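Novice: start.txt is reproduced below (compact mmCIF, C-alpha atoms and all ligand atoms).
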```
# COMPACT_ATOMS: atom_id res chain seq x y z
CA MET F 1318 181.21 146.68 42.09
CA LEU F 1319 183.05 148.10 45.09
CA ARG F 1320 183.17 145.67 48.02
CA TYR F 1321 185.19 144.88 51.11
CA LEU F 1322 185.79 142.16 53.65
CA THR F 1323 187.40 142.39 57.07
CA ALA F 1324 188.88 139.83 59.44
CA GLY F 1325 190.53 139.87 62.84
CA GLU F 1326 189.90 139.33 66.53
CA SER F 1327 190.08 142.13 69.08
CA HIS F 1328 193.10 140.61 70.85
CA GLY F 1329 194.51 138.66 67.91
CA PRO F 1330 197.71 139.66 66.10
CA ALA F 1331 196.13 142.08 63.63
CA LEU F 1332 193.03 143.27 61.78
CA THR F 1333 192.82 142.86 58.01
CA ALA F 1334 190.69 144.39 55.26
CA ILE F 1335 190.54 143.82 51.52
CA ILE F 1336 188.88 146.30 49.18
CA GLU F 1337 188.03 145.11 45.70
CA GLY F 1338 186.66 147.20 42.85
CA LEU F 1339 188.61 150.44 43.26
CA PRO F 1340 189.58 152.22 40.04
CA SER F 1341 193.24 152.67 39.11
CA ASN F 1342 195.16 155.95 39.54
CA LEU F 1343 193.37 157.08 42.71
CA PRO F 1344 195.98 158.87 44.86
CA LEU F 1345 196.00 157.03 48.21
CA ASP F 1346 197.06 159.35 50.99
CA LEU F 1347 198.18 157.03 53.79
CA GLU F 1348 198.49 159.86 56.28
CA PHE F 1349 194.83 160.78 55.68
CA ILE F 1350 193.77 157.20 56.48
CA ASN F 1351 195.97 157.13 59.58
CA HIS F 1352 194.53 160.45 60.73
CA GLN F 1353 191.02 158.99 60.53
CA LEU F 1354 192.20 155.98 62.58
CA TRP F 1355 193.61 158.37 65.16
CA ARG F 1356 190.30 160.30 65.28
CA ARG F 1357 188.42 157.04 65.96
CA GLN F 1358 190.58 156.44 69.02
CA GLN F 1359 189.76 159.83 70.57
CA GLY F 1360 186.82 160.89 72.70
CA TYR F 1361 186.20 161.36 76.39
CA GLY F 1362 185.00 158.21 78.12
CA ARG F 1363 187.07 155.56 76.40
CA GLY F 1364 188.73 152.80 78.42
CA GLY F 1365 192.31 151.59 78.94
CA ARG F 1366 192.65 149.87 75.57
CA MET F 1367 192.99 153.17 73.73
CA LYS F 1368 196.14 153.93 75.74
CA ILE F 1369 197.71 150.74 74.39
CA GLU F 1370 196.78 151.08 70.73
CA SER F 1371 197.98 153.68 68.23
CA ASP F 1372 196.33 152.42 65.07
CA ARG F 1373 198.15 152.73 61.78
CA VAL F 1374 197.38 151.03 58.53
CA GLU F 1375 199.87 149.06 56.49
CA ILE F 1376 199.06 148.57 52.81
CA LEU F 1377 200.07 145.17 51.48
CA SER F 1378 198.82 145.28 47.91
CA GLY F 1379 197.06 147.20 45.18
CA VAL F 1380 199.03 150.44 45.55
CA ARG F 1381 202.25 151.54 43.85
CA PHE F 1382 203.95 154.93 44.24
CA ASP F 1383 200.96 156.27 46.22
CA LYS F 1384 198.36 155.35 43.58
CA THR F 1385 195.92 152.46 43.24
CA MET F 1386 196.48 150.07 40.37
CA GLY F 1387 192.88 148.85 40.02
CA THR F 1388 193.77 145.63 41.86
CA PRO F 1389 192.58 144.52 45.34
CA VAL F 1390 193.92 146.71 48.14
CA ALA F 1391 194.85 144.68 51.23
CA MET F 1392 195.45 146.50 54.51
CA THR F 1393 196.37 145.50 58.06
CA ILE F 1394 196.25 147.25 61.42
CA GLN F 1395 198.35 145.66 64.16
CA ASN F 1396 196.83 145.01 67.59
CA LYS F 1397 199.53 146.24 69.95
CA ASP F 1398 197.65 144.51 72.78
CA TRP F 1399 198.48 141.17 71.12
CA ARG F 1400 201.76 141.04 73.03
CA ASN F 1401 199.67 140.68 76.24
CA TRP F 1402 197.39 138.06 74.71
CA SER F 1403 199.64 135.87 72.55
CA GLU F 1404 199.24 132.86 74.90
CA LYS F 1405 195.54 133.29 75.66
CA MET F 1406 194.73 133.91 71.99
CA ALA F 1407 197.29 131.49 70.47
CA ILE F 1408 196.36 130.37 66.98
CA THR F 1409 197.88 126.87 67.37
CA GLY F 1410 198.24 124.38 70.26
CA GLN F 1411 196.13 123.73 73.36
CA ALA F 1412 194.64 126.30 75.75
CA PRO F 1413 197.21 126.95 78.52
CA SER F 1414 196.10 126.65 82.18
CA SER F 1415 196.16 130.47 82.46
CA VAL F 1416 193.03 130.67 80.28
CA VAL F 1417 189.92 131.28 82.39
CA GLU F 1418 186.81 130.60 80.36
CA ILE F 1419 184.16 133.35 80.28
CA THR F 1420 180.76 131.82 81.07
CA LYS F 1421 178.68 134.75 82.40
CA PRO F 1422 177.21 136.56 79.37
CA ARG F 1423 176.85 140.35 79.48
CA PRO F 1424 173.32 141.59 78.73
CA GLY F 1425 173.47 143.73 75.59
CA HIS F 1426 176.61 142.13 74.16
CA ALA F 1427 176.68 139.27 71.63
CA ASP F 1428 177.82 136.87 74.41
CA LEU F 1429 174.74 134.69 75.07
CA ALA F 1430 173.31 134.46 71.56
CA GLY F 1431 176.80 134.03 70.10
CA ALA F 1432 177.86 131.26 72.51
CA LEU F 1433 174.68 129.28 71.79
CA LYS F 1434 174.70 129.91 68.04
CA TYR F 1435 178.37 128.99 67.51
CA ASN F 1436 178.36 126.26 70.20
CA GLN F 1437 181.14 127.86 72.30
CA GLU F 1438 181.94 127.03 75.93
CA ASP F 1439 184.15 130.09 76.27
CA ILE F 1440 182.39 133.39 75.51
CA ARG F 1441 185.79 134.85 74.56
CA ASN F 1442 185.38 133.08 71.21
CA VAL F 1443 182.33 135.27 70.63
CA LEU F 1444 183.34 138.63 72.04
CA GLU F 1445 186.66 138.74 70.22
CA ARG F 1446 184.97 139.24 66.86
CA ALA F 1447 181.76 140.90 68.08
CA SER F 1448 183.97 143.60 69.63
CA ALA F 1449 183.97 147.06 68.12
CA ARG F 1450 187.73 146.67 67.66
CA ASN F 1451 186.75 145.80 64.10
CA THR F 1452 185.50 149.36 63.60
CA ALA F 1453 189.19 150.26 63.05
CA THR F 1454 189.09 148.35 59.74
CA MET F 1455 185.73 149.93 58.90
CA VAL F 1456 187.34 153.34 59.29
CA ALA F 1457 190.35 152.32 57.16
CA VAL F 1458 188.06 151.09 54.40
CA GLY F 1459 185.75 154.11 54.65
CA SER F 1460 188.72 156.46 54.49
CA VAL F 1461 189.69 155.04 51.11
CA ALA F 1462 186.14 155.74 49.88
CA ARG F 1463 186.45 159.20 51.35
CA LEU F 1464 189.58 159.85 49.30
CA LEU F 1465 187.68 158.78 46.19
CA LEU F 1466 184.77 161.09 47.02
CA ARG F 1467 187.08 163.99 47.88
CA HIS F 1468 188.63 163.66 44.42
CA PHE F 1469 185.18 164.61 43.09
CA GLY F 1470 184.50 167.39 45.59
CA ILE F 1471 182.30 165.32 47.93
CA GLU F 1472 183.05 165.77 51.65
CA VAL F 1473 181.80 163.87 54.69
CA TYR F 1474 181.39 165.50 58.13
CA GLY F 1475 180.29 164.13 61.48
CA HIS F 1476 179.45 165.44 64.94
CA VAL F 1477 177.70 164.35 68.12
CA VAL F 1478 174.21 165.82 68.64
CA GLU F 1479 173.10 164.02 71.82
CA LEU F 1480 174.94 162.26 74.59
CA GLY F 1481 173.08 160.68 77.48
CA SER F 1482 170.44 163.23 78.43
CA VAL F 1483 172.37 166.22 77.00
CA ARG F 1484 171.16 167.47 73.65
CA VAL F 1485 172.79 169.96 71.28
CA GLU F 1486 169.89 172.33 70.69
CA LYS F 1487 171.06 174.61 67.91
CA PHE F 1488 173.87 174.72 65.40
CA GLU F 1489 175.31 178.00 64.22
CA GLY F 1490 177.55 178.27 61.17
CA THR F 1491 178.14 176.30 58.02
CA ILE F 1492 178.45 172.54 58.06
CA ALA F 1493 182.23 172.82 57.68
CA GLU F 1494 182.47 175.29 60.61
CA ILE F 1495 180.34 173.11 62.90
CA ALA F 1496 182.44 170.07 62.03
CA GLU F 1497 185.65 172.00 62.58
CA ARG F 1498 184.54 173.10 66.07
CA ALA F 1499 183.39 169.56 66.87
CA GLU F 1500 186.82 168.34 65.79
CA ARG F 1501 188.44 170.30 68.61
CA SER F 1502 186.00 168.96 71.19
CA GLU F 1503 186.70 165.96 73.42
CA VAL F 1504 183.18 164.71 72.80
CA ARG F 1505 182.84 165.89 69.18
CA VAL F 1506 180.24 168.60 69.83
CA ALA F 1507 180.57 172.10 68.41
CA ASP F 1508 179.38 173.96 71.52
CA PRO F 1509 181.95 174.19 74.41
CA GLU F 1510 179.17 174.73 76.99
CA VAL F 1511 177.44 171.54 75.93
CA GLU F 1512 180.80 169.77 75.92
CA LYS F 1513 181.28 170.66 79.58
CA ARG F 1514 177.89 169.25 80.54
CA ILE F 1515 178.52 166.06 78.60
CA ILE F 1516 181.91 165.50 80.24
CA GLU F 1517 180.33 165.92 83.69
CA GLN F 1518 177.72 163.36 82.73
CA ILE F 1519 180.33 160.85 81.54
CA ASP F 1520 182.29 161.32 84.79
CA ALA F 1521 179.11 160.68 86.80
CA ALA F 1522 178.29 157.55 84.79
CA LYS F 1523 181.81 156.25 85.28
CA ALA F 1524 181.68 156.86 89.03
CA ALA F 1525 178.38 154.97 89.17
CA GLY F 1526 179.77 152.01 87.19
CA ASP F 1527 177.33 152.89 84.40
CA THR F 1528 177.61 153.69 80.67
CA LEU F 1529 176.10 156.18 78.18
CA GLY F 1530 174.88 156.24 74.59
CA GLY F 1531 173.99 159.07 72.27
CA VAL F 1532 173.25 160.26 68.75
CA PHE F 1533 175.62 161.43 66.01
CA GLU F 1534 174.91 163.15 62.73
CA ILE F 1535 176.73 162.67 59.43
CA ILE F 1536 176.47 165.22 56.61
CA VAL F 1537 177.69 164.72 53.06
CA THR F 1538 178.15 167.78 50.85
CA GLY F 1539 178.75 167.92 47.11
CA ALA F 1540 176.95 164.69 46.21
CA PRO F 1541 175.39 165.07 42.76
CA ILE F 1542 171.72 164.50 42.00
CA GLY F 1543 171.13 160.85 41.06
CA LEU F 1544 173.11 158.53 43.37
CA GLY F 1545 171.04 155.48 44.34
CA SER F 1546 167.79 154.47 42.67
CA TYR F 1547 164.07 154.03 43.29
CA SER F 1548 163.94 151.23 40.70
CA HIS F 1549 164.47 148.33 43.10
CA PRO F 1550 164.48 148.02 46.91
CA ASP F 1551 168.13 146.98 47.18
CA ARG F 1552 169.28 149.97 45.12
CA LYS F 1553 167.74 152.58 47.45
CA LEU F 1554 170.51 154.70 48.91
CA ASP F 1555 168.55 155.53 52.08
CA GLY F 1556 168.14 151.79 52.73
CA ARG F 1557 171.81 151.16 52.10
CA LEU F 1558 172.86 153.98 54.41
CA ALA F 1559 170.65 152.62 57.18
CA GLN F 1560 172.19 149.16 56.75
CA ALA F 1561 175.74 150.53 56.75
CA LEU F 1562 175.14 152.57 59.92
CA MET F 1563 173.29 149.74 61.67
CA SER F 1564 176.27 147.48 60.93
CA ILE F 1565 178.27 149.50 63.48
CA GLN F 1566 178.27 147.89 66.92
CA ALA F 1567 175.67 149.35 69.31
CA ILE F 1568 173.80 151.42 66.68
CA LYS F 1569 170.08 150.91 67.29
CA GLY F 1570 168.39 153.59 65.18
CA VAL F 1571 168.96 155.56 61.98
CA GLU F 1572 167.15 158.70 60.80
CA ILE F 1573 167.36 160.31 57.35
CA GLY F 1574 166.78 164.06 57.38
CA ILE F 1575 164.20 164.95 60.04
CA GLY F 1576 163.53 161.20 60.36
CA PHE F 1577 161.03 160.29 63.08
CA ASP F 1578 159.89 163.92 63.36
CA ALA F 1579 158.47 163.63 59.82
CA ALA F 1580 155.98 161.10 61.18
CA ARG F 1581 154.72 163.68 63.70
CA THR F 1582 154.45 166.64 61.31
CA PRO F 1583 151.87 167.41 58.56
CA GLY F 1584 153.08 167.02 54.98
CA SER F 1585 152.87 170.75 54.31
CA HIS F 1586 155.68 171.24 56.84
CA VAL F 1587 157.75 168.23 55.86
CA HIS F 1588 158.32 168.23 52.10
CA ASP F 1589 160.93 170.56 50.65
CA GLU F 1590 159.37 172.88 48.06
CA ILE F 1591 161.07 173.06 44.67
CA GLY F 1592 162.20 176.28 42.99
CA TYR F 1593 164.34 177.13 39.97
CA SER F 1594 166.81 180.01 39.81
CA GLN F 1595 170.31 180.73 38.49
CA GLY F 1596 170.05 177.77 36.14
CA ALA F 1597 169.45 175.18 38.85
CA TYR F 1598 166.72 173.60 40.95
CA GLN F 1599 166.65 175.01 44.49
CA ARG F 1600 165.24 174.00 47.89
CA ARG F 1601 164.81 176.35 50.83
CA THR F 1602 164.67 173.46 53.30
CA ASN F 1603 166.26 170.02 53.51
CA HIS F 1604 163.93 167.98 55.71
CA ALA F 1605 164.40 165.02 53.39
CA GLY F 1606 168.11 164.89 54.24
CA GLY F 1607 169.10 165.00 50.58
CA LEU F 1608 167.26 161.80 49.63
CA GLU F 1609 163.94 161.36 47.82
CA GLY F 1610 162.92 157.95 46.47
CA GLY F 1611 166.24 156.51 47.58
CA VAL F 1612 168.04 158.94 45.22
CA THR F 1613 170.23 161.93 46.11
CA ASN F 1614 168.50 165.19 45.17
CA GLY F 1615 171.50 167.53 45.24
CA GLN F 1616 170.96 168.74 48.83
CA PRO F 1617 173.41 167.69 51.55
CA VAL F 1618 172.80 164.10 52.69
CA VAL F 1619 171.96 164.20 56.41
CA VAL F 1620 171.75 161.01 58.50
CA ARG F 1621 171.67 160.43 62.24
CA ALA F 1622 172.41 157.28 64.17
CA ALA F 1623 171.51 156.38 67.77
CA MET F 1624 174.02 154.42 69.82
CA LYS F 1625 172.90 152.47 72.86
CA PRO F 1626 174.97 152.60 76.09
CA ILE F 1627 178.00 150.29 76.23
CA PRO F 1628 176.86 146.83 77.49
CA THR F 1629 179.83 146.11 79.80
CA LEU F 1630 179.09 147.75 83.15
CA TYR F 1631 181.58 148.03 85.99
CA LYS F 1632 178.55 147.55 88.21
CA PRO F 1633 177.36 144.54 86.22
CA LEU F 1634 173.77 143.55 85.53
CA GLU F 1635 172.19 140.24 86.43
CA SER F 1636 173.11 137.28 84.31
CA VAL F 1637 173.41 133.50 84.55
CA ASP F 1638 176.52 131.33 84.57
CA MET F 1639 176.09 129.25 81.42
CA ARG F 1640 177.93 126.32 83.05
CA THR F 1641 175.91 126.06 86.28
CA LYS F 1642 172.75 128.02 85.25
CA GLU F 1643 173.06 129.80 88.61
CA PRO F 1644 172.32 133.54 88.73
CA TYR F 1645 175.47 135.67 88.66
CA ARG F 1646 176.50 139.21 87.88
CA ALA F 1647 177.77 139.47 84.28
CA THR F 1648 181.49 139.36 83.54
CA ILE F 1649 183.43 142.63 83.70
CA GLU F 1650 185.73 143.12 80.73
CA ARG F 1651 187.93 146.22 80.54
CA SER F 1652 185.61 148.65 78.84
CA ASP F 1653 184.63 152.08 77.57
CA VAL F 1654 182.11 154.19 79.51
CA CYS F 1655 181.03 156.05 76.38
CA ALA F 1656 182.17 155.69 72.77
CA VAL F 1657 179.71 157.93 70.92
CA PRO F 1658 182.44 160.33 69.65
CA ALA F 1659 184.37 157.33 68.28
CA ALA F 1660 181.22 155.84 66.76
CA ALA F 1661 180.65 159.14 64.92
CA VAL F 1662 183.99 158.66 63.14
CA VAL F 1663 182.98 155.10 62.23
CA GLY F 1664 179.65 156.54 61.02
CA GLU F 1665 181.48 158.98 58.74
CA ALA F 1666 183.44 156.05 57.32
CA MET F 1667 180.38 153.87 56.72
CA VAL F 1668 178.48 156.72 55.08
CA ALA F 1669 181.51 157.53 52.89
CA TRP F 1670 181.76 153.88 51.90
CA THR F 1671 178.09 153.66 50.94
CA ILE F 1672 178.09 156.92 48.98
CA GLY F 1673 181.36 155.85 47.34
CA GLN F 1674 179.79 152.57 46.26
CA SER F 1675 176.79 154.37 44.72
CA PHE F 1676 179.12 156.88 43.08
CA LEU F 1677 181.08 154.10 41.36
CA GLU F 1678 177.87 152.33 40.36
CA LYS F 1679 176.76 155.48 38.56
CA PHE F 1680 180.04 156.77 37.12
CA GLY F 1681 182.19 153.65 37.36
CA GLY F 1682 185.14 153.05 35.14
CA ASP F 1683 188.40 151.19 35.50
CA SER F 1684 190.53 154.30 35.98
CA ILE F 1685 189.99 157.63 37.72
CA GLU F 1686 190.32 159.34 34.34
CA GLU F 1687 187.44 157.30 32.91
CA ILE F 1688 185.27 158.17 35.92
CA GLU F 1689 186.16 161.85 35.56
CA ARG F 1690 184.95 161.77 31.93
CA ASN F 1691 181.69 160.04 32.92
CA TYR F 1692 181.09 162.42 35.80
CA LYS F 1693 181.75 165.54 33.74
CA SER F 1694 179.47 164.51 30.92
CA TYR F 1695 176.64 163.60 33.35
CA LEU F 1696 176.91 166.95 35.15
CA GLN F 1697 176.83 168.70 31.81
CA ALA F 1698 173.76 166.71 30.70
CA ILE F 1699 171.72 167.42 33.84
CA GLY F 1700 172.85 171.05 33.80
CA GLU F 1701 171.14 171.41 30.43
CA ARG F 1702 167.75 170.21 31.74
C1 LIG X 1 183.57 152.55 69.08
C2 LIG X 1 182.85 151.54 69.93
C3 LIG X 1 183.42 151.12 71.12
C4 LIG X 1 182.76 150.18 71.92
N1 LIG X 1 183.35 149.81 73.09
C5 LIG X 1 182.73 148.88 73.87
C6 LIG X 1 183.31 148.48 75.11
O1 LIG X 1 184.38 148.96 75.51
N2 LIG X 1 182.66 147.55 75.84
C7 LIG X 1 181.48 147.00 75.43
O2 LIG X 1 180.91 146.16 76.13
N3 LIG X 1 180.89 147.37 74.27
C8 LIG X 1 181.50 148.29 73.48
N4 LIG X 1 180.90 148.66 72.30
C9 LIG X 1 179.59 148.10 71.94
C10 LIG X 1 179.60 146.60 71.64
O3 LIG X 1 180.63 146.26 70.74
C11 LIG X 1 178.25 146.16 71.09
O4 LIG X 1 177.22 146.63 71.91
C12 LIG X 1 178.17 144.64 71.01
O5 LIG X 1 179.06 144.17 70.00
C13 LIG X 1 176.77 144.09 70.71
O6 LIG X 1 176.29 144.52 69.48
P1 LIG X 1 174.98 145.43 69.32
O7 LIG X 1 175.05 146.46 70.39
O8 LIG X 1 175.11 146.03 67.95
O9 LIG X 1 173.78 144.57 69.48
C14 LIG X 1 181.52 149.63 71.50
C15 LIG X 1 180.95 150.05 70.29
C16 LIG X 1 181.60 151.01 69.50
C17 LIG X 1 180.97 151.46 68.21
C1 LIG X 2 189.46 147.82 71.01
C2 LIG X 2 188.57 148.73 70.74
O1 LIG X 2 187.35 148.86 71.35
C3 LIG X 2 186.96 147.83 72.21
C4 LIG X 2 185.53 147.52 71.92
C5 LIG X 2 184.97 146.59 72.90
C6 LIG X 2 183.71 145.93 72.58
O2 LIG X 2 183.28 145.04 73.34
O3 LIG X 2 183.10 146.28 71.55
C7 LIG X 2 185.59 146.35 74.12
C8 LIG X 2 186.87 147.00 74.50
O4 LIG X 2 187.96 146.12 74.23
P1 LIG X 2 189.04 145.72 75.33
O5 LIG X 2 188.39 144.69 76.16
O6 LIG X 2 190.22 145.18 74.57
O7 LIG X 2 189.38 146.97 76.07
C9 LIG X 2 187.11 148.25 73.67
O8 LIG X 2 188.38 148.76 73.93
C10 LIG X 2 188.80 149.74 69.71
O9 LIG X 2 187.90 150.58 69.53
O10 LIG X 2 189.87 149.74 69.06
```
Let me see the structure of the file written as structure tokens.
Ligand SMILES: Cc1cc2nc3c(=O)[nH]c(=O)nc-3n(C[C@H](O)[C@H](O)[C@H](O)COP(=O)(O)O)c2cc1C
Ligand SMILES: C=C(O[C@@H]1CC(C(=O)O)=C[C@@H](OP(=O)(O)O)[C@H]1O)C(=O)O

Specialist:
Amino acid sequence: MLRYLTAGESHGPALTAIIEGLPSNLPLDLEFINHQLWRRQQGYGRGGRMKIESDRVEILSGVRFDKTMGTPVAMTIQNKDWRNWSEKMAITGQAPSSVVEITKPRPGHADLAGALKYNQEDIRNVLERASARNTATMVAVGSVARLLLRHFGIEVYGHVVELGSVRVEKFEGTIAEIAERAERSEVRVADPEVEKRIIEQIDAAKAAGDTLGGVFEIIVTGAPIGLGSYSHPDRKLDGRLAQALMSIQAIKGVEIGIGFDAARTPGSHVHDEIGYSQGAYQRRTNHAGGLEGGVTNGQPVVVRAAMKPIPTLYKPLESVDMRTKEPYRATIERSDVCAVPAAAVVGEAMVAWTIGQSFLEKFGGDSIEEIERNYKSYLQAIGER
């Protein structure tokens, strides 16, 4: 079983992740992981923190001479901002007088529920871990899964399809071309005209002290037929993908394939008809997003996730001081105006992780060579049917 854990506060010394269950002999390209971390930090609309951080992963165990050994892989990412927080976030001793407790919860953040649930006077003890800073470790972990998938010809792409009220109407080109164009965009959209409109909208939101959400799409190519299972609810790959995407901060909706549109369309226009030619089953459409019965069907896996607007507003919403119970405007923390392009990179990582897990469940072995043998013989067997 492939699993991971993360730890770390947003303004603590570092973030940590441990991956357990990787096979041995997987080449681990550190620069690839660091490139994904860099991508997560990009995107128009991010706040001051991204100017401080330049995330890089350090591997502490499980890898020797660029290859996994089949043992747990431990990784850390330093918080450069820690140098500005070492007193206020000290791990030992008493709180210094410079610490001002946060007592005015921000609507939409974990502040109020977290402070009550964990019995905290200072909301900082909640927001430090609730913060999307942890998505850096999610990307590091997902990038390792991505390297595993890439070894077997499976690629993961992501792009933004809606931001605020601006929608990307049509996509021209192959999945790889769209993703490549989106890669060059400041807001991760393939169309430069749409990019311009989105940037104007982010500027307007910023000037108004407001924030914006949006929708991103993740596409996986090369996944074989048969990942996931219909045999039990917790084995369904569509369910697992939804969970993985919803685990990203601020994600409030997930669609597989045409998603909610399927509910509004008659069956004759929804289900992808099956053909057979050139020795393989074919589909002319992919409304199902590559998943039927919680199992991959050989078409690209297509999932979309909706991100709500950032909860911290520079023109804050009404709240209550938890100490006095008096009405107050919510606390202003340094913040992003829009992080949908960054969330898309986290989405790629979470999808890669989930597909990687299912891949190892199906073809798992202790070494890459053993998995290669399993994979080859399965492809041969289904090719003969
Ligand atoms: C990449 C990324 C960056 C984010 N940046 C901020 C931010 O700067 N300020 C903020 O209040 N929320 C930010 N969020 C959203 C909050 O972390 C999130 O809304 C909060 O933890 C509450 O969780 P929920 O929205 O999932 O309910 C960000 C989310 C992501 C994915
Ligand atoms: C640190 C990151 O995102 C943070 C997510 C976040 C939140 O509340 O989720 C709040 C902000 O933190 P800070 O108050 O330190 O500026 C963002 O910058 C990151 O993406 O690496």

Novice: Can you pull out every residue with an atom within 7 Å of ligand LIG 2 (chain X)? Use all atoms listed in the file and format it as a PyMOL selection string.

Specialist: chain F and resi 1327-1328+1358+1364-1367+1444+1447-1450+1452-1453+1566+1650-1653

Novice: Can you tell me which residues come within 10 Å of ligand LIG 1 (chain X) when counting only C-alpha atoms and all ligand atoms, ideally as a VMD selection string?

Specialist: chain F and resid 1357 to 1360 1362 to 1367 1423 to 1428 1443 to 1453 1528 1530 1563 to 1569 1624 to 1630 1649 to 1664

Novice: Please tabulate, as CSV, the residues of stretch 1379-1446 of chain F that come within 12 Å of stretch 1340-1343 of chain F, each with its closest pair of atoms and the distance in Å to one decimal, counting all atoms listed in the file and ordering rows by chain, then residue number upward.

Specialist:
```
residue,atom,partner,partner_atom,distance
F:Gly1379,CA,F:Ser1341,CA,9.0
F:Val1380,CA,F:Ser1341,CA,8.9
F:Arg1381,CA,F:Asn1342,CA,9.4
F:Phe1382,CA,F:Asn1342,CA,10.0
F:Asp1383,CA,F:Leu1343,CA,8.4
F:Lys1384,CA,F:Asn1342,CA,5.2
F:Thr1385,CA,F:Ser1341,CA,4.9
F:Met1386,CA,F:Ser1341,CA,4.3
F:Gly1387,CA,F:Ser1341,CA,3.9
F:Thr1388,CA,F:Ser1341,CA,7.6
F:Pro1389,CA,F:Pro1340,CA,9.8
F:Val1390,CA,F:Pro1340,CA,10.7
```

Novice: With C-alpha atoms retained, could you export that selection as a CSV table (one decimal), in the frame of the given file?

Specialist:
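The new file out.csv reads:
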```csv
chain,number,residue,atom,x,y,z
F,1379,GLY,CA,197.1,147.2,45.2
F,1380,VAL,CA,199.0,150.4,45.6
F,1381,ARG,CA,202.2,151.5,43.8
F,1382,PHE,CA,204.0,154.9,44.2
F,1383,ASP,CA,201.0,156.3,46.2
F,1384,LYS,CA,198.4,155.4,43.6
F,1385,THR,CA,195.9,152.5,43.2
F,1386,MET,CA,196.5,150.1,40.4
F,1387,GLY,CA,192.9,148.8,40.0
F,1388,THR,CA,193.8,145.6,41.9
F,1389,PRO,CA,192.6,144.5,45.3
F,1390,VAL,CA,193.9,146.7,48.1
```

Novice: Nearest residue to F:Val1612 out of F:Ala1597, F:Gly1584, F:Ser1546, F:Glu1643, using all atoms listed in the file?

Specialist: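 Nearest to F:Val1612: F:Ser1546.
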
Novice: Using only C-alpha atoms, which residue out of F:Met1639, F:Leu1562, F:Gly1410, F:Ile1591 lies closest to F:Asn1436?

Specialist: F:Met1639

Novice: Using Å and a single decimal, report how far atom CA of F:Pro1422 sits from atom CA of F:Glu1438.

Specialist: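 Those two atoms sit 11.2 Å apart.
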
Novice: Between F:Leu1696, F:Ile1335, F:Ala1540, F:Val1637, which one has atoms that come closest to F:Gly1607, using only C-alpha atoms?

Specialist: F:Ala1540

Novice: Neighbours of F:Tyr1692 within 9 Å (only C-alpha atoms; same-chain residues fewer than 4 positions away dropped), as a list in words?

Specialist: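 In the requested form, the answer reads Phe1469, Lys1679, Phe1680, Gly1681, Glu1687, Ile1688, Leu1696 and Gln1697 of chain F.
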